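Undergrad: File coords_26.txt below, compact mmCIF, C-alpha atoms:
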# COMPACT_ATOMS: atom_id res chain seq x y z
CA MET A 14 21.09 -4.96 -3.47
CA SER A 15 19.60 -3.85 -6.77
CA GLY A 16 16.92 -5.34 -8.93
CA GLY A 17 14.05 -3.16 -7.77
CA PRO A 18 12.39 -0.35 -9.67
CA GLY A 19 14.15 2.93 -10.26
CA THR A 20 17.43 4.08 -8.76
CA LEU A 21 16.76 3.04 -5.16
CA ALA A 22 19.08 0.93 -2.97
CA TRP A 23 16.77 -2.06 -2.39
CA ALA A 24 17.39 -4.62 0.35
CA PRO A 25 15.35 -7.56 1.68
CA ALA A 26 12.67 -6.02 3.91
CA LEU A 27 13.15 -8.66 6.60
CA ASP A 28 16.78 -7.49 6.90
CA ALA A 29 15.86 -3.82 7.39
CA PRO A 30 13.09 -3.69 10.01
CA ASP A 31 13.99 -0.09 10.92
CA LEU A 32 12.60 0.96 7.51
CA LEU A 33 9.16 -0.50 8.29
CA ALA A 34 6.37 0.81 10.53
CA ALA A 35 5.63 -1.47 13.50
CA PRO A 36 2.40 -2.96 12.06
CA VAL A 37 4.17 -3.61 8.74
CA ARG A 38 7.08 -5.35 10.49
CA ALA A 39 4.63 -7.55 12.41
CA ALA A 40 2.63 -8.44 9.28
CA LEU A 41 5.76 -9.21 7.27
CA SER A 42 7.13 -11.39 10.08
CA ALA A 43 3.82 -13.27 10.25
CA TRP A 44 3.86 -13.69 6.46
CA ALA A 45 7.42 -15.04 6.68
CA GLY A 46 6.24 -17.58 9.25
CA ARG A 47 3.51 -18.82 6.89
CA ASP A 48 5.37 -18.50 3.58
CA PRO A 49 9.08 -17.66 3.87
CA ALA A 50 9.62 -17.76 0.10
CA ALA A 51 6.87 -15.20 -0.55
CA ALA A 52 7.99 -12.89 2.26
CA SER A 53 11.56 -13.00 0.98
CA THR A 54 10.44 -11.35 -2.28
CA VAL A 55 9.57 -8.15 -0.39
CA LEU A 56 12.24 -5.45 -0.67
CA VAL A 57 12.61 -2.09 1.06
CA ALA A 58 14.57 1.07 0.28
CA PRO A 59 15.09 4.34 2.13
CA ILE A 60 13.85 7.53 0.49
CA ASP A 61 13.72 11.22 1.34
CA ALA A 62 10.48 11.64 3.34
CA ASP A 63 9.82 14.91 1.53
CA LEU A 64 9.62 12.90 -1.72
CA ALA A 65 7.13 10.27 -0.50
CA ASP A 66 4.18 11.57 -2.53
CA THR A 67 3.77 9.70 -5.80
CA ALA A 68 4.68 12.29 -8.43
CA ALA A 69 7.73 13.58 -6.55
CA PHE A 70 8.83 10.03 -5.67
CA CYS A 71 8.56 8.73 -9.24
CA ALA A 72 10.44 11.72 -10.66
CA ALA A 73 13.22 11.70 -8.07
CA TYR A 74 13.87 7.95 -8.10
CA GLU A 75 13.10 7.20 -11.77
CA VAL A 76 10.21 4.88 -10.97
CA GLU A 77 7.59 4.57 -13.70
CA PRO A 78 4.14 5.62 -12.43
CA ARG A 79 2.75 2.25 -13.60
CA GLU A 80 5.22 0.61 -11.16
CA SER A 81 3.90 2.71 -8.26
CA VAL A 82 0.80 1.49 -6.43
CA ASN A 83 -0.98 3.80 -4.01
CA CYS A 84 -2.86 2.58 -0.97
CA VAL A 85 -5.86 4.66 -0.01
CA VAL A 86 -8.09 4.09 3.00
CA VAL A 87 -11.78 4.34 2.22
CA ALA A 88 -14.60 4.64 4.75
CA GLY A 89 -17.97 3.23 3.76
CA ARG A 90 -21.11 4.12 5.68
CA ARG A 91 -24.46 2.42 5.91
CA GLY A 92 -26.61 4.05 8.56
CA GLU A 93 -24.55 4.33 11.74
CA LEU A 94 -22.11 1.61 10.69
CA THR A 95 -18.75 2.62 9.18
CA SER A 96 -16.45 0.06 7.58
CA TYR A 97 -12.99 0.57 6.12
CA ALA A 98 -10.97 -0.86 3.27
CA ALA A 99 -7.45 -0.46 1.94
CA CYS A 100 -7.55 0.10 -1.81
CA LEU A 101 -4.49 -0.51 -3.97
CA VAL A 102 -4.55 1.51 -7.17
CA GLN A 103 -1.87 1.90 -9.80
CA ALA A 104 -0.60 5.50 -9.75
CA THR A 105 -1.79 5.97 -13.33
CA ARG A 106 -5.40 5.30 -12.28
CA ARG A 107 -8.03 6.54 -9.82
CA ALA A 108 -9.92 4.55 -7.22
CA ASP A 109 -13.61 4.12 -8.08
CA VAL A 110 -14.70 5.01 -4.55
CA ASN A 111 -18.38 5.63 -5.25
CA GLY A 112 -18.77 2.63 -7.54
CA VAL A 113 -16.62 -0.44 -7.05
CA VAL A 114 -15.37 0.34 -3.52
CA ARG A 115 -18.77 1.41 -2.18
CA LYS A 116 -20.36 -1.79 -3.50
CA ALA A 117 -17.55 -3.97 -2.10
CA LEU A 118 -18.11 -2.41 1.33
CA GLU A 119 -21.91 -2.76 0.94
CA ALA A 120 -22.16 0.89 1.90
CA ARG A 121 -24.63 3.58 0.91
CA LYS A 122 -21.88 6.20 0.86
CA ALA A 123 -18.10 5.90 0.57
CA SER A 124 -15.30 8.44 0.73
CA PHE A 125 -11.61 8.66 1.47
CA ALA A 126 -11.12 8.27 5.22
CA PRO A 127 -10.00 11.44 7.01
CA MET A 128 -6.21 11.56 7.30
CA ASP A 129 -6.22 11.54 11.13
CA ASP A 130 -8.48 8.48 11.18
CA ALA A 131 -6.40 6.59 8.60
CA VAL A 132 -3.19 7.31 10.50
CA SER A 133 -4.51 6.47 13.96
CA MET A 134 -6.28 3.28 12.89
CA THR A 135 -3.38 1.88 10.84
CA GLY A 136 -0.48 3.00 13.04
CA MET A 137 1.23 4.22 9.88
CA GLU A 138 2.29 7.61 8.58
CA TYR A 139 0.17 9.47 6.07
CA GLY A 140 1.80 9.07 2.68
CA GLY A 141 3.23 5.69 3.68
CA ILE A 142 0.08 3.66 4.39
CA THR A 143 0.30 0.17 2.97
CA PRO A 144 -1.87 -2.95 2.98
CA LEU A 145 0.71 -4.89 5.01
CA GLY A 146 -0.34 -4.52 8.63
CA ILE A 147 -3.73 -2.89 8.20
CA PRO A 148 -6.27 -3.64 10.94
CA ASP A 149 -7.83 -7.12 11.02
CA GLY A 150 -11.12 -7.28 9.20
CA TRP A 151 -10.34 -4.58 6.65
CA PRO A 152 -10.60 -5.86 3.10
CA VAL A 153 -7.77 -5.09 0.69
CA LEU A 154 -9.15 -4.22 -2.74
CA VAL A 155 -6.58 -4.50 -5.53
CA ASP A 156 -6.96 -2.72 -8.87
CA ALA A 157 -6.70 -5.29 -11.69
CA ASP A 158 -4.07 -3.23 -13.55
CA ALA A 159 -1.87 -3.09 -10.45
CA HIS A 160 -2.15 -6.84 -9.98
CA ALA A 161 -1.46 -7.55 -13.66
CA HIS A 162 1.79 -5.53 -13.80
CA PRO A 163 4.48 -7.94 -15.00
CA GLY A 164 7.22 -7.02 -12.53
CA LEU A 165 7.80 -5.45 -9.17
CA VAL A 166 5.57 -2.67 -7.90
CA VAL A 167 6.31 -0.07 -5.24
CA ILE A 168 3.99 0.45 -2.26
CA GLY A 169 4.31 2.24 1.06
CA SER A 170 6.23 0.87 4.03
CA GLY A 171 4.08 2.47 6.71
CA LEU A 172 6.69 5.26 6.92
CA ARG A 173 7.24 8.24 4.63
CA ARG A 174 11.01 7.64 4.65
CA SER A 175 10.98 4.29 2.82
CA LYS A 176 9.16 2.26 0.18
CA ILE A 177 8.49 -1.44 -0.35
CA ALA A 178 8.79 -3.30 -3.66
CA LEU A 179 7.26 -6.70 -4.28
CA PRO A 180 6.07 -8.73 -7.25
CA ALA A 181 2.70 -7.38 -8.42
CA ALA A 182 1.31 -10.92 -8.37
CA ARG A 183 1.82 -10.95 -4.59
CA LEU A 184 -0.71 -8.11 -4.19
CA SER A 185 -3.50 -10.66 -4.40
CA GLU A 186 -2.03 -12.40 -1.34
CA LEU A 187 -2.66 -9.21 0.61
CA ALA A 188 -6.30 -9.07 -0.52
Please express what this file holds, its structure, as structure tokens.
TA:
Amino acid sequence: MSGGPGTLAWAPALDAPDLLAAPVRAALSAWAGRDPAAASTVLVAPIDADLADTAAFCAAYEVEPRESVNCVVVAGRRGELTSYAACLVQATRRADVNGVVRKALEARKASFAPMDDAVSMTGMEYGGITPLGIPDGWPVLVDADAHAHPGLVVIGSGLRRSKIALPAARLSELA
């Protein structure tokens, strides 16, 4: 199947569960149960795991950086309490961790979560973390430019060896 960004071989994600991390598969299946039409717009494509990082991925697969949306896990702390959020940011932009994200988490201090924590808490691979399947209770904060993109955007699949594409307008459904 074609129709997704770049030169990747896109297929319906529900038809290729082996290309999705377990929490992503579960979240997509649940989404399909609630809204089959929306879930059917989610595509997946295999990639070389060594090319999962944004710059290498975009160059190798001819995906425009504005079509690539990164998911970063942020930890916010207030006293002894730590809360987490998944932040979706267009690859051409930076997450405002100490401004917007810190305020959204009602934290005194915010920073990118340590890699080991992000991986163990999400059940996903570093470099493939995605908002689909994040732990219950975590907010998903979506950059306005990512949400406003007129077509499909590429996000992680929970694995470094594949990527998901979905309509940018659907990002708000993950928030």
Undergrad: Counting all atoms listed in the file, which residues of range 79-134 of chain A sit at most 10 Å from some atom of range 170-184 of chain A, and what is each one's closest atom pair with its distance in Å to one decimal, listed by chain and rising residue number, as a tab-separated table?
TA:
residue	atom	partner	partner_atom	distance
A:Glu80	CA	A:Ala181	CA	8.8
A:Ser81	CA	A:Ala178	CA	9.0
A:Val82	CA	A:Ala181	CA	9.3
A:Leu101	CA	A:Leu184	CA	8.5
A:Val132	CA	A:Gly171	CA	9.5
Undergrad: Using all atoms listed in the file, which of the listed residues (A:Ala24, A:Ala123, A:Ala43, A:Ala159) sits closest to Thr105 in chain A?
TA: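 Among A:Ala24, A:Ala123, A:Ala43, A:Ala159, it is A:Ala159 that comes nearest to Thr105 in chain A.
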Undergrad: Please determine, counting only C-alpha atoms, which residue among A:Gly112, A:Met137, A:Pro144, A:Cys71 has the shortest atom-to-atom distance to Leu41 in chain A.
TA: A:Pro144
Undergrad: What's the separation between CA of Val167 in chain A and CA of Ser96 in chain A, in Å to one decimal place?
TA: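 It comes out at 26.1 Å.
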Undergrad: Please determine, counting all atoms listed in the file, which residue among A:Thr95, A:Ser185, A:Ser53, A:Ser42 has the shortest atom-to-atom distance to Asp130 in chain A.
TA: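 Under the stated criterion, the closest residue is A:Thr95.
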Undergrad: Residues at most 12 Å from range 146-153 of chain A, counting all atoms listed in the file, excluding those fewer than 4 positions away in the same chain, as number ranges by chain?
TA: A: 33-44, 84-89, 95-102, 114, 117-119, 131-137, 141-142, 169-171, 184-188
Undergrad: Would you mind telling me which residue in A:Val57, A:Ala62, A:Ala120, A:Ala45 lies nearest to Ile168 in chain A when using all atoms listed in the file?
TA: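 Nearest candidate to Ile168 in chain A out of A:Val57, A:Ala62, A:Ala120, A:Ala45: A:Val57.
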Undergrad: Provide the CA of Arg106 in chain A to CA of Gly17 in chain A distance in Å, to one decimal place.
TA: 21.7 Å
Undergrad: How many Å separate CA of Ala22 in chain A from CA of Glu77 in chain A?
TA: 16.1 Å
Undergrad: When distances are computed from only C-alpha atoms, which of A:Ala68, A:Ala108, A:Lys116, A:Tyr74 shows the smallest separation from Arg91 in chain A?
TA: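 Between A:Ala68, A:Ala108, A:Lys116, A:Tyr74, the residue approaching Arg91 in chain A most closely is A:Lys116.
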Undergrad: Would you please work out which residue, of A:Leu165, A:Val155, A:Ala26, A:Ala69, is nearest to Gln103 in chain A when using all atoms listed in the file?
TA: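 For Gln103 in chain A, the nearest of the given residues is A:Val155.
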